[in-house]
Amino acid sequence: MAAKDFRELKVWAKAHEVALQVYQVTKLFPKDEIYGLTNQIRRSSVSVGSNIAEGCGRGRQIQSNIIECKKMLVALSNKLRQDANR
C-alpha cells in the first residue's frame, strides 16, 4: 500500500531531519573538503529521503527503495566514520 503523501511517513521525517543535521555539521568541516567528503556525506543524507519519496510515488517498488535507503545509510555511516578518523 502506497502512502498518499511521503511527507506523512515518520521514516521520511526522520530522514529529512538527519539531512538537515548533516548539513549543519558539515558546515564545520574544513573548506578543502567541500568537494570531497563533505559533498559525499551531504548527497548521501539527502538521497535517503529522496528514495523514500520516490518509492511512495511508485507504489509497489517502495520495498526496493527502502532497501536502497538502508544501503545509503550504511554508506553515510562509513563516510562519517572516515571523517571522524581524520
# chains A, B, ... in the order shown; residues from 1 in each chain; ligands from 1
>>> residues_around(residues="Ala13 (chain A)", least_positions_apart="5", cutoff="12 Å", atoms="only C-alpha atoms", output="ChimeraX atom specification")
/A:5-8,18-20,46,48-50,52-53
>>> write_last_selection(atoms="C-alpha atoms", output="short mmCIF file (atom, residue, chain, number, x, y, z; two decimals), in the first residue's frame")
data_model
loop_
_atom_site.label_atom_id
_atom_site.label_comp_id
_atom_site.auth_asym_id
_atom_site.auth_seq_id
_atom_site.Cartn_x
_atom_site.Cartn_y
_atom_site.Cartn_z
CA ASP A 5 1.98 11.63 0.68
CA PHE A 6 5.55 10.68 1.58
CA ARG A 7 5.67 13.63 3.99
CA GLU A 8 3.18 11.74 6.18
CA VAL A 18 19.08 13.69 9.51
CA ALA A 19 19.79 15.53 6.24
CA LEU A 20 19.28 18.91 7.94
CA VAL A 46 19.65 13.80 1.02
CA VAL A 48 17.73 8.69 1.72
CA GLY A 49 14.68 10.97 1.89
CA SER A 50 14.59 11.25 -1.89
CA ILE A 52 11.65 7.20 0.25
CA ALA A 53 9.65 9.85 -1.63
#
>>> residues_around(residues="Ser77 (chain A)", least_positions_apart="3", cutoff="12 Å", atoms="only C-alpha atoms", output="CSV table (one decimal) with N, CA and C atoms, in the first residue's frame")
chain,number,residue,atom,x,y,z
A,18,VAL,N,17.7,14.1,9.6
A,18,VAL,CA,19.1,13.7,9.5
A,18,VAL,C,19.8,14.5,8.5
A,22,VAL,N,23.0,16.9,9.1
A,22,VAL,CA,24.2,16.6,8.4
A,22,VAL,C,24.7,17.9,7.7
A,40,GLN,N,30.1,14.3,-0.5
A,40,GLN,CA,29.6,12.9,-0.5
A,40,GLN,C,28.6,12.7,0.7
A,41,ILE,N,29.0,13.2,1.8
A,41,ILE,CA,28.1,13.0,3.0
A,41,ILE,C,26.8,13.7,2.8
A,42,ARG,N,26.8,14.9,2.3
A,42,ARG,CA,25.6,15.6,2.1
A,42,ARG,C,24.7,14.9,1.1
A,44,SER,N,24.6,11.8,0.3
A,44,SER,CA,24.1,10.5,0.8
A,44,SER,C,22.9,10.8,1.7
A,45,SER,N,23.0,11.8,2.6
A,45,SER,CA,22.0,12.1,3.5
A,45,SER,C,20.7,12.6,2.8
A,70,LYS,N,18.6,1.8,3.0
A,70,LYS,CA,19.4,1.1,4.0
A,70,LYS,C,20.9,1.1,3.5
A,71,LYS,N,21.1,0.8,2.3
A,71,LYS,CA,22.5,0.9,1.7
A,71,LYS,C,23.1,2.3,1.8
A,72,MET,N,22.3,3.3,1.5
A,72,MET,CA,22.8,4.6,1.6
A,72,MET,C,23.1,5.0,3.1
A,73,LEU,N,22.3,4.6,4.0
A,73,LEU,CA,22.6,4.9,5.4
A,73,LEU,C,23.9,4.2,5.9
A,74,VAL,N,24.2,3.0,5.4
A,74,VAL,CA,25.4,2.3,5.7
A,74,VAL,C,26.6,3.1,5.1
A,80,LEU,N,31.0,9.1,7.6
A,80,LEU,CA,31.1,9.9,8.8
A,80,LEU,C,32.2,9.3,9.7
A,81,ARG,N,32.4,8.0,9.7
A,81,ARG,CA,33.5,7.4,10.4
A,81,ARG,C,34.8,7.7,9.8
A,82,GLN,N,34.9,7.8,8.5
A,82,GLN,CA,36.1,8.2,7.8
A,82,GLN,C,36.5,9.6,8.3
A,83,ASP,N,35.6,10.5,8.3
A,83,ASP,CA,35.9,11.8,8.7
A,83,ASP,C,36.3,11.9,10.1
A,84,ALA,N,35.6,11.1,11.0
A,84,ALA,CA,36.0,11.2,12.4
A,84,ALA,C,37.4,10.6,12.7
>>> select_by_dssp(residues="chain A", states="alpha helix (DSSP H)", output="VMD selection string")
chain A and resid 10 to 26 37 to 58 62 to 84
>>> write_last_selection(atoms="C-alpha atoms", output="PDB file, in the first residue's frame")
ATOM      1  CA  LYS A  10       7.705   9.041  10.028  1.00  0.00           C
ATOM      2  CA  VAL A  11      10.660   7.455   8.244  1.00  0.00           C
ATOM      3  CA  TRP A  12      10.747  10.293   5.703  1.00  0.00           C
ATOM      4  CA  ALA A  13      10.521  12.889   8.505  1.00  0.00           C
ATOM      5  CA  LYS A  14      13.486  11.240  10.265  1.00  0.00           C
ATOM      6  CA  ALA A  15      15.471  11.114   7.014  1.00  0.00           C
ATOM      7  CA  HIS A  16      14.733  14.792   6.428  1.00  0.00           C
ATOM      8  CA  GLU A  17      15.819  15.626   9.977  1.00  0.00           C
ATOM      9  CA  VAL A  18      19.076  13.694   9.505  1.00  0.00           C
ATOM     10  CA  ALA A  19      19.789  15.534   6.241  1.00  0.00           C
ATOM     11  CA  LEU A  20      19.281  18.907   7.937  1.00  0.00           C
ATOM     12  CA  GLN A  21      21.582  17.879  10.794  1.00  0.00           C
ATOM     13  CA  VAL A  22      24.212  16.614   8.358  1.00  0.00           C
ATOM     14  CA  TYR A  23      24.226  19.974   6.582  1.00  0.00           C
ATOM     15  CA  GLN A  24      24.693  21.777   9.906  1.00  0.00           C
ATOM     16  CA  VAL A  25      27.541  19.501  10.992  1.00  0.00           C
ATOM     17  CA  THR A  26      29.313  19.580   7.632  1.00  0.00           C
ATOM     18  CA  LEU A  37      33.952  14.051   1.732  1.00  0.00           C
ATOM     19  CA  THR A  38      31.608  16.912   2.678  1.00  0.00           C
ATOM     20  CA  ASN A  39      29.819  16.697  -0.660  1.00  0.00           C
ATOM     21  CA  GLN A  40      29.583  12.894  -0.481  1.00  0.00           C
ATOM     22  CA  ILE A  41      28.126  12.977   3.022  1.00  0.00           C
ATOM     23  CA  ARG A  42      25.587  15.641   2.102  1.00  0.00           C
ATOM     24  CA  ARG A  43      24.474  13.826  -1.055  1.00  0.00           C
ATOM     25  CA  SER A  44      24.114  10.547   0.827  1.00  0.00           C
ATOM     26  CA  SER A  45      21.966  12.122   3.526  1.00  0.00           C
ATOM     27  CA  VAL A  46      19.648  13.797   1.019  1.00  0.00           C
ATOM     28  CA  SER A  47      19.365  10.642  -1.092  1.00  0.00           C
ATOM     29  CA  VAL A  48      17.726   8.693   1.721  1.00  0.00           C
ATOM     30  CA  GLY A  49      14.681  10.971   1.891  1.00  0.00           C
ATOM     31  CA  SER A  50      14.589  11.252  -1.888  1.00  0.00           C
ATOM     32  CA  ASN A  51      14.449   7.485  -2.287  1.00  0.00           C
ATOM     33  CA  ILE A  52      11.649   7.205   0.250  1.00  0.00           C
ATOM     34  CA  ALA A  53       9.652   9.850  -1.632  1.00  0.00           C
ATOM     35  CA  GLU A  54      10.359   8.182  -4.970  1.00  0.00           C
ATOM     36  CA  GLY A  55       9.289   4.803  -3.606  1.00  0.00           C
ATOM     37  CA  CYS A  56       5.977   6.262  -2.449  1.00  0.00           C
ATOM     38  CA  GLY A  57       5.359   7.545  -5.939  1.00  0.00           C
ATOM     39  CA  ARG A  58       5.985   4.125  -7.438  1.00  0.00           C
ATOM     40  CA  ILE A  62       8.676   1.015  -2.148  1.00  0.00           C
ATOM     41  CA  GLN A  63      10.405  -2.069  -0.726  1.00  0.00           C
ATOM     42  CA  SER A  64      13.291  -1.855  -3.175  1.00  0.00           C
ATOM     43  CA  ASN A  65      13.631   1.850  -2.442  1.00  0.00           C
ATOM     44  CA  ILE A  66      13.721   1.165   1.306  1.00  0.00           C
ATOM     45  CA  ILE A  67      16.483  -1.404   0.723  1.00  0.00           C
ATOM     46  CA  GLU A  68      18.359   1.229  -1.279  1.00  0.00           C
ATOM     47  CA  CYS A  69      17.921   3.669   1.622  1.00  0.00           C
ATOM     48  CA  LYS A  70      19.437   1.140   4.001  1.00  0.00           C
ATOM     49  CA  LYS A  71      22.476   0.860   1.719  1.00  0.00           C
ATOM     50  CA  MET A  72      22.790   4.642   1.621  1.00  0.00           C
ATOM     51  CA  LEU A  73      22.625   4.886   5.404  1.00  0.00           C
ATOM     52  CA  VAL A  74      25.409   2.305   5.723  1.00  0.00           C
ATOM     53  CA  ALA A  75      27.492   4.294   3.229  1.00  0.00           C
ATOM     54  CA  LEU A  76      26.739   7.527   5.102  1.00  0.00           C
ATOM     55  CA  SER A  77      27.765   5.940   8.394  1.00  0.00           C
ATOM     56  CA  ASN A  78      31.020   4.794   6.810  1.00  0.00           C
ATOM     57  CA  LYS A  79      31.758   8.267   5.424  1.00  0.00           C
ATOM     58  CA  LEU A  80      31.094   9.857   8.803  1.00  0.00           C
ATOM     59  CA  ARG A  81      33.468   7.366  10.427  1.00  0.00           C
ATOM     60  CA  GLN A  82      36.107   8.175   7.809  1.00  0.00           C
ATOM     61  CA  ASP A  83      35.854  11.825   8.673  1.00  0.00           C
ATOM     62  CA  ALA A  84      35.968  11.151  12.406  1.00  0.00           C
TER      63      ALA A  84
END
